[in-house]
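*Asks:* Before I ask anything, here is the structure I am working with.
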Protein chains: 2
Amino acid sequence: MFEQMLKSESVWLSGEGPEHSVVLSSRVRLARNVKGFPYPPTSRSEGKRETLEIVKAAIEKSGSLKEGKFYFAKPIDELDRAFLIERHLISPEFLGDKANQGIFIGDGENISIMINEEDHLRIQSIQSGLSVESACELAERVDEDLGKVLEFDFDREFGYLTSCPTNVGTGMRASVLIHLPGLALTREMDNLISSITKFGLAVRGFYGEGSDVLGNLFQISNQTTLGRSEDDIIDSLLKVTRQMIEYEGKARETLLADAKDQIEDKIWRAYGILKHARVLTSAEVMNLLSAVRLGIGMGMIKELPVSSVNSMLLLTQPAHLQKYLQKRMDSGERDEARAELVRKMFQNGSETFSQEEAL
Amino acid sequence: MFEQMLKSESVWLSGEGPEHSVVLSSRVRLARNVKGFPYPPTSRSEGKRETLEIVKAAIEKSGSLKEGKFYFAKPIDELDRAFLIERHLISPEFLGDKANQGIFIGDGENISIMINEEDHLRIQSIQSGLSVESACELAERVDEDLGKVLEFDFDREFGYLTSCPTNVGTGMRASVLIHLPGLALTREMDNLISSITKFGLAVRGFYGEGSDVLGNLFQISNQTTLGRSEDDIIDSLLKVTRQMIEYEGKARETLLADAKDQIEDKIWRAYGILKHARVLTSAEVMNLLSAVRLGIGMGMIKELPVSSVNSMLLLTQPAHLQKYLQKRMDSGERDEARAELVRKMFQNGSETFSQEEAL
């Protein structure tokens, strides 16, 4: 399942879009519920089944969702589920209730809709680079379209109603995935994280809360939705993100001025290890790719495009690796296969890596 | 000074000779004193000056020491002294008393004679690979030759007399420089070192006592000289060395059977770091070269001859690096220059590295 996704590169990892050397992707997600139906956490099986069918029908009728595919949760196995999580198309909590959940994935993966996650609908749009506004536009277009067929639960005073009170209002969560190796190296991240929090935004590492921040990848997102307009949310996210990009640039300048040799050394060692290692864990590969990505951003590494690094960040994740190599593997086997794949991708050098080739 | 030595590779690092993949070199050193003169530790300046002249004259007359050069200590500066120590031509204690010391270095460096170190003469022969017997033969030929002109202090009961009682008897110290990465990785070295000690042999790391063992290089040498014949000393050294070579081979087999991927990974990571790093300390470079040397020995790395690794082990040492690049450098500058030199030598790939090229 989802093999066609492996054939074409995920749009939002193409290394294009504004500020793409620092911002990998922008995401906007809207939470919506269909009026008159209990929300998923309190709904019985039949109720969920009904909303699933209603939403599916609405998607099929929607003009903006012609290109794409609808999947029922049932045939999606654990590996496919992990694959979708790694691709940021579903939340880690999703697809637990296989009987009554489903997902629509638009071609190119710019748009996706989870049905019967915490809310009836979670409409998500991802774009490459710093493109929060266009992600928002796309999500809102879909929202509007679906709203013609479905009546969403909306309160004049509060706005859209959702299962969890933190989403009430716009129902919107907007976020950017940002690569901040310079700020991590100059040890400024901790301070910046606490100032960002004061703006009503949250910062967390790329993967899951609580776990270590890997690859110096951070996700910045809005915390509150109630009492704020969509524009308001997006403005403050953009403002803070632009500030972070500026700080990151300054941190890189500082590193070049104060510790050029150490930084060059760190970057080229990472390059050498990735190019030659025989065993690589997923955590290590992210940290090494982060250093190489910094090297490309600083103009030190010229023979590798940033899109290749983005591809490697995606393809070296456990589920991707297994689907990509069409082989179920335990953790030890994956670490070897991961190193082999990375070696091949490095050997391909400056050519953009063709995913077909490694198969 | 000594520039001509940099032009031609040191014979004993050529990566030739018996068992050269494990044994880098064999050394035999004979301590001798001229009868009728106080030994250096208790001699006054004039006395030392006199023995220096006598020994120099004897060397000039000797048939076996026609090819080579005599150096007075005085013009040898600290960098040159460090260079000779790194080349194992002099002991770290030598050339402190510049006024009354000197050294003869035979062409190709197979033979050298320190004058007025702890004893009047220290005749040393180095050979590549496991060649203790031929090193011994050469040292004894020189000893015999010089003995025709000089009368050495010899006691019927004790043998040759020396400044330090541990050298009395044959005055001989025989040693091998051996690379044991397999035994280090299987953590068998500590046990083996204590068994070797029971045979009257000593094992120490490549550089200085007390310091960390670098590059998994060990020197095995006889401890006692009194009451043992030259043949006896050499036999027991050869026997133990052959045993160590066998153990090392078994350790490598075990590693291949039990942890092939981890070992390959370790070796190729070292290769990748050496090929790309921008800063390398002398300690790190030895440890990384050790792993690459193991990789060559195990047939994993084919594009680099072991002689290149041996050259790098020699040339990356602090004094060698400075003389080779003809530039005085502090420790930080050396770490960068070292990484640059190693990168160049790795880029040269399979061709044997020409020392001229890097200049």
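Scheme for the structure tokens: letters A, B, ... for chains in order shown; per-chain residue numbers from 1; ligand numbers from 1 in order shown.
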May I have the residues of chain A within 6 Å of chain B, counting only C-alpha atoms, written as a ChimeraX atom specification?

*Replies:* /A:265,268-269,272-273,276-279

*Asks:* Could you give me, as a ChimeraX atom specification, the residues within 7 Å of B:Val306, counting only C-alpha atoms and dropping anything in the same chain fewer than 5 positions from it?

*Replies:* /B:15,293,296

*Asks:* Can you spit out the residues from that selection as a CSV table (one decimal), in the first residue's frame, using N, CA, C and O atoms?

*Replies:*
```csv
chain,number,residue,atom,x,y,z
B,15,GLY,N,56.5,-1.3,5.0
B,15,GLY,CA,55.4,-2.3,5.0
B,15,GLY,C,55.9,-3.6,4.3
B,15,GLY,O,55.1,-4.3,3.7
B,293,ARG,N,44.3,0.3,9.2
B,293,ARG,CA,45.3,-0.7,9.0
B,293,ARG,C,44.7,-2.1,9.2
B,293,ARG,O,45.0,-3.0,8.5
B,296,ILE,N,42.7,-3.0,6.2
B,296,ILE,CA,43.6,-3.5,5.1
B,296,ILE,C,44.0,-4.9,5.4
B,296,ILE,O,43.9,-5.8,4.5
```

*Asks:* Show which residues sit within 6 Å of stretch 107-110 of chain A, as a ChimeraX atom specification. Count only C-alpha atoms, and ignore same-chain residues fewer than 6 positions away.

*Replies:* /A:11,67-68,125-126

*Asks:* Atom CA of A:Thr254 and atom CA of A:Ile234 are how many Å apart?

*Replies:*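 Atom CA of A:Thr254 sits 29.9 Å away from atom CA of A:Ile234.
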
*Asks:* Do a neighbour search on A:Leu65 at 9 Å with only C-alpha atoms, toss out local chain neighbours closer than 5 positions, and write the hits as a list in words.

*Replies:* Ile59, Glu60, Phe104, Gly106, Ile111, Val142 and Asp145 of chain A

*Asks:* Quick one: distance from atom CA of B:Arg252 to atom CA of B:Pro181 in Å, one decimal?

*Replies:*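 Between these atoms lies a distance of 8.5 Å.
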
*Asks:* Please provide as a PyMOL selection string all residues within 12 Å of A:Glu93, with the sequence filter that same-chain residues fewer than 4 positions apart are discarded (counting only C-alpha atoms).

*Replies:* chain A and resi 81-82+84-85+89+97-98+101+114+116-118+208

*Asks:* With N, CA and C atoms retained, export the selected residues as a compact mmCIF listing (two decimals), in the first residue's frame.

*Replies:*
```txt
# COMPACT_ATOMS: atom_id res chain seq x y z
N ARG A 81 0.88 2.20 8.70
CA ARG A 81 0.51 3.24 9.66
C ARG A 81 1.76 4.03 10.06
N ALA A 82 2.85 3.31 10.39
CA ALA A 82 4.10 3.97 10.77
C ALA A 82 4.63 4.82 9.61
N LEU A 84 2.83 6.36 7.32
CA LEU A 84 2.04 7.60 7.23
C LEU A 84 2.41 8.58 8.35
N ILE A 85 2.73 8.02 9.53
CA ILE A 85 3.15 8.90 10.64
C ILE A 85 4.47 9.57 10.28
N LEU A 89 1.48 12.51 7.67
CA LEU A 89 0.13 12.54 7.10
C LEU A 89 -0.91 12.18 8.14
N ASP A 97 -8.57 2.86 15.93
CA ASP A 97 -9.92 2.30 15.73
C ASP A 97 -10.11 2.01 14.24
N LYS A 98 -9.61 0.86 13.84
CA LYS A 98 -9.56 0.55 12.41
C LYS A 98 -10.93 0.47 11.76
N GLN A 101 -12.33 4.44 11.06
CA GLN A 101 -11.51 5.59 10.68
C GLN A 101 -11.13 5.48 9.22
N MET A 114 -7.85 13.39 7.93
CA MET A 114 -8.09 12.25 8.83
C MET A 114 -9.55 12.31 9.25
N ASN A 116 -12.44 10.88 11.86
CA ASN A 116 -12.61 10.25 13.17
C ASN A 116 -11.30 10.04 13.93
N GLU A 117 -10.42 11.03 13.82
CA GLU A 117 -9.34 11.08 14.80
C GLU A 117 -9.99 11.68 16.05
N GLU A 118 -9.42 12.66 16.69
CA GLU A 118 -10.05 13.25 17.86
C GLU A 118 -11.32 14.02 17.48
N GLY A 208 8.05 13.45 18.40
CA GLY A 208 7.39 13.17 19.67
C GLY A 208 7.87 14.06 20.81
```

*Asks:* Excluding A:Ala337 and its own-chain neighbours fewer than 5 positions away, which residues fall within 12 Å of it when counting only C-alpha atoms? Please give them as a list in words.

*Replies:*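 So the residues in contact are Ala277, Arg278, Val279, Leu280, Thr281, Ser282, Leu315, Thr316, Gln317, Pro318, His320, Leu321, Gln322, Lys323, Tyr324, Leu325, Gln326, Lys327, Arg328, Met329, Asp330, Ser331, Gly332, Val342, Arg343, Lys344, Ala358 and Leu359 of chain A; Asp261 of chain B.
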
*Asks:* What does the file look like for those residues with N, CA and C atoms, as a PDB file, in the first residue's frame?

*Replies:*
```pdb
ATOM      1  N   ALA A 277      29.923   4.646   6.629  1.00  0.00           N
ATOM      2  CA  ALA A 277      29.505   3.779   7.742  1.00  0.00           C
ATOM      3  C   ALA A 277      28.755   2.551   7.231  1.00  0.00           C
ATOM      4  N   ARG A 278      28.815   1.498   7.993  1.00  0.00           N
ATOM      5  CA  ARG A 278      28.122   0.241   7.666  1.00  0.00           C
ATOM      6  C   ARG A 278      26.929  -0.003   8.564  1.00  0.00           C
ATOM      7  N   VAL A 279      26.806   0.760   9.627  1.00  0.00           N
ATOM      8  CA  VAL A 279      25.691   0.629  10.568  1.00  0.00           C
ATOM      9  C   VAL A 279      25.281   2.044  10.988  1.00  0.00           C
ATOM     10  N   LEU A 280      24.026   2.372  10.813  1.00  0.00           N
ATOM     11  CA  LEU A 280      23.553   3.707  11.217  1.00  0.00           C
ATOM     12  C   LEU A 280      22.176   3.591  11.861  1.00  0.00           C
ATOM     13  N   THR A 281      22.052   4.072  13.097  1.00  0.00           N
ATOM     14  CA  THR A 281      20.729   4.105  13.717  1.00  0.00           C
ATOM     15  C   THR A 281      19.952   5.293  13.140  1.00  0.00           C
ATOM     16  N   SER A 282      18.634   5.283  13.339  1.00  0.00           N
ATOM     17  CA  SER A 282      17.849   6.382  12.783  1.00  0.00           C
ATOM     18  C   SER A 282      18.156   7.684  13.517  1.00  0.00           C
ATOM     19  N   LEU A 315      13.603   8.952   3.955  1.00  0.00           N
ATOM     20  CA  LEU A 315      13.706   7.528   3.587  1.00  0.00           C
ATOM     21  C   LEU A 315      14.428   6.673   4.615  1.00  0.00           C
ATOM     22  N   THR A 316      15.234   7.279   5.492  1.00  0.00           N
ATOM     23  CA  THR A 316      15.976   6.477   6.458  1.00  0.00           C
ATOM     24  C   THR A 316      15.158   6.167   7.710  1.00  0.00           C
ATOM     25  N   GLN A 317      13.951   6.718   7.789  1.00  0.00           N
ATOM     26  CA  GLN A 317      13.106   6.395   8.932  1.00  0.00           C
ATOM     27  C   GLN A 317      12.656   4.929   8.838  1.00  0.00           C
ATOM     28  N   PRO A 318      12.446   4.296  10.006  1.00  0.00           N
ATOM     29  CA  PRO A 318      12.230   2.841  10.019  1.00  0.00           C
ATOM     30  C   PRO A 318      11.187   2.319   9.029  1.00  0.00           C
ATOM     31  N   HIS A 320       9.751   3.850   6.415  1.00  0.00           N
ATOM     32  CA  HIS A 320      10.103   4.196   5.038  1.00  0.00           C
ATOM     33  C   HIS A 320      11.156   3.249   4.485  1.00  0.00           C
ATOM     34  N   LEU A 321      12.159   2.997   5.302  1.00  0.00           N
ATOM     35  CA  LEU A 321      13.250   2.131   4.878  1.00  0.00           C
ATOM     36  C   LEU A 321      12.706   0.760   4.465  1.00  0.00           C
ATOM     37  N   GLN A 322      11.808   0.225   5.261  1.00  0.00           N
ATOM     38  CA  GLN A 322      11.272  -1.109   4.982  1.00  0.00           C
ATOM     39  C   GLN A 322      10.362  -1.118   3.758  1.00  0.00           C
ATOM     40  N   LYS A 323       9.558  -0.083   3.638  1.00  0.00           N
ATOM     41  CA  LYS A 323       8.677  -0.028   2.470  1.00  0.00           C
ATOM     42  C   LYS A 323       9.508   0.234   1.211  1.00  0.00           C
ATOM     43  N   TYR A 324      10.502   1.072   1.359  1.00  0.00           N
ATOM     44  CA  TYR A 324      11.331   1.442   0.222  1.00  0.00           C
ATOM     45  C   TYR A 324      12.125   0.242  -0.296  1.00  0.00           C
ATOM     46  N   LEU A 325      12.655  -0.541   0.640  1.00  0.00           N
ATOM     47  CA  LEU A 325      13.443  -1.713   0.241  1.00  0.00           C
ATOM     48  C   LEU A 325      12.563  -2.958   0.114  1.00  0.00           C
ATOM     49  N   GLN A 326      11.261  -2.787   0.349  1.00  0.00           N
ATOM     50  CA  GLN A 326      10.291  -3.876   0.188  1.00  0.00           C
ATOM     51  C   GLN A 326      10.680  -5.109   0.995  1.00  0.00           C
ATOM     52  N   LYS A 327      10.993  -4.872   2.274  1.00  0.00           N
ATOM     53  CA  LYS A 327      11.494  -5.946   3.120  1.00  0.00           C
ATOM     54  C   LYS A 327      11.226  -5.606   4.578  1.00  0.00           C
ATOM     55  N   ARG A 328      10.629  -6.522   5.293  1.00  0.00           N
ATOM     56  CA  ARG A 328      10.445  -6.321   6.733  1.00  0.00           C
ATOM     57  C   ARG A 328      11.772  -6.593   7.431  1.00  0.00           C
ATOM     58  N   MET A 329      12.191  -5.697   8.274  1.00  0.00           N
ATOM     59  CA  MET A 329      13.492  -5.872   8.927  1.00  0.00           C
ATOM     60  C   MET A 329      13.416  -5.528  10.402  1.00  0.00           C
ATOM     61  N   ASP A 330      14.204  -6.249  11.228  1.00  0.00           N
ATOM     62  CA  ASP A 330      14.296  -5.848  12.627  1.00  0.00           C
ATOM     63  C   ASP A 330      15.287  -4.686  12.737  1.00  0.00           C
ATOM     64  N   SER A 331      15.410  -4.194  13.952  1.00  0.00           N
ATOM     65  CA  SER A 331      16.170  -2.965  14.154  1.00  0.00           C
ATOM     66  C   SER A 331      17.634  -3.090  13.679  1.00  0.00           C
ATOM     67  N   GLY A 332      18.259  -4.242  13.972  1.00  0.00           N
ATOM     68  CA  GLY A 332      19.650  -4.445  13.550  1.00  0.00           C
ATOM     69  C   GLY A 332      19.791  -4.499  12.033  1.00  0.00           C
ATOM     70  N   VAL A 342      22.181   5.006   2.516  1.00  0.00           N
ATOM     71  CA  VAL A 342      22.815   6.325   2.595  1.00  0.00           C
ATOM     72  C   VAL A 342      24.111   6.339   1.773  1.00  0.00           C
ATOM     73  N   ARG A 343      24.880   5.271   1.852  1.00  0.00           N
ATOM     74  CA  ARG A 343      26.113   5.194   1.043  1.00  0.00           C
ATOM     75  C   ARG A 343      25.798   5.335  -0.438  1.00  0.00           C
ATOM     76  N   LYS A 344      24.775   4.611  -0.867  1.00  0.00           N
ATOM     77  CA  LYS A 344      24.410   4.690  -2.289  1.00  0.00           C
ATOM     78  C   LYS A 344      23.986   6.103  -2.657  1.00  0.00           C
ATOM     79  N   ALA A 358      17.828   2.700  -6.276  1.00  0.00           N
ATOM     80  CA  ALA A 358      18.250   1.911  -5.120  1.00  0.00           C
ATOM     81  C   ALA A 358      17.474   0.609  -5.001  1.00  0.00           C
ATOM     82  N   LEU A 359      16.348   0.539  -5.667  1.00  0.00           N
ATOM     83  CA  LEU A 359      15.507  -0.666  -5.529  1.00  0.00           C
ATOM     84  C   LEU A 359      16.117  -1.877  -6.234  1.00  0.00           C
TER      85      LEU A 359
ATOM     86  N   ASP B 261      29.693  -6.814  11.216  1.00  0.00           N
ATOM     87  CA  ASP B 261      29.142  -5.520  10.835  1.00  0.00           C
ATOM     88  C   ASP B 261      29.716  -4.392  11.680  1.00  0.00           C
TER      89      ASP B 261
END
```

*Asks:* Just list as a ChimeraX atom specification whatever in stretch 51-213 of chain A DSSP marks as alpha helix (DSSP H).

*Replies:* /A:51-61,78-86,132-147,181-185,189-198

*Asks:* Kindly give the distance, in Å, that separates atom CA of B:Leu177 and atom CA of B:Thr162, rounded to a single decimal.

*Replies:*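 The value is 24.8 Å.
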
*Asks:* Between A:Leu294, A:Ile196, A:Cys136, A:Leu79, which residue has the minimum interatomic distance to A:Arg29, considering only C-alpha atoms?

*Replies:*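 Counting only C-alpha atoms, the residue closest to A:Arg29 is A:Cys136.
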
*Asks:* Which residues in stretch 192-317 of chain B does DSSP call strand (DSSP E or B)? List them as an MDAnalysis selection string.

*Replies:* chainID B and resid 201:205 217:222

*Asks:* Return the single residue from A:Leu192, A:Met286, A:Phe218, A:His179 that is closest to A:Ser21, with distances computed using only C-alpha atoms.

*Replies:*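 Looking only at the distances to A:Ser21, the closest residue turns out to be A:His179.
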
*Asks:* Contacts of A:Phe152 at 10 Å or less, counting only C-alpha atoms, minus same-chain residues fewer than 2 places along, as a ChimeraX atom specification?

*Replies:* /A:31-36,120-121,143,146-150,154-155,160-161

*Asks:* Counting only C-alpha atoms, figure out which residue out of A:Gly102, A:Gly215, A:Gly249, A:Gly200 gets nearest to A:Ser290.

*Replies:*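 Under the stated criterion, the closest residue is A:Gly215.
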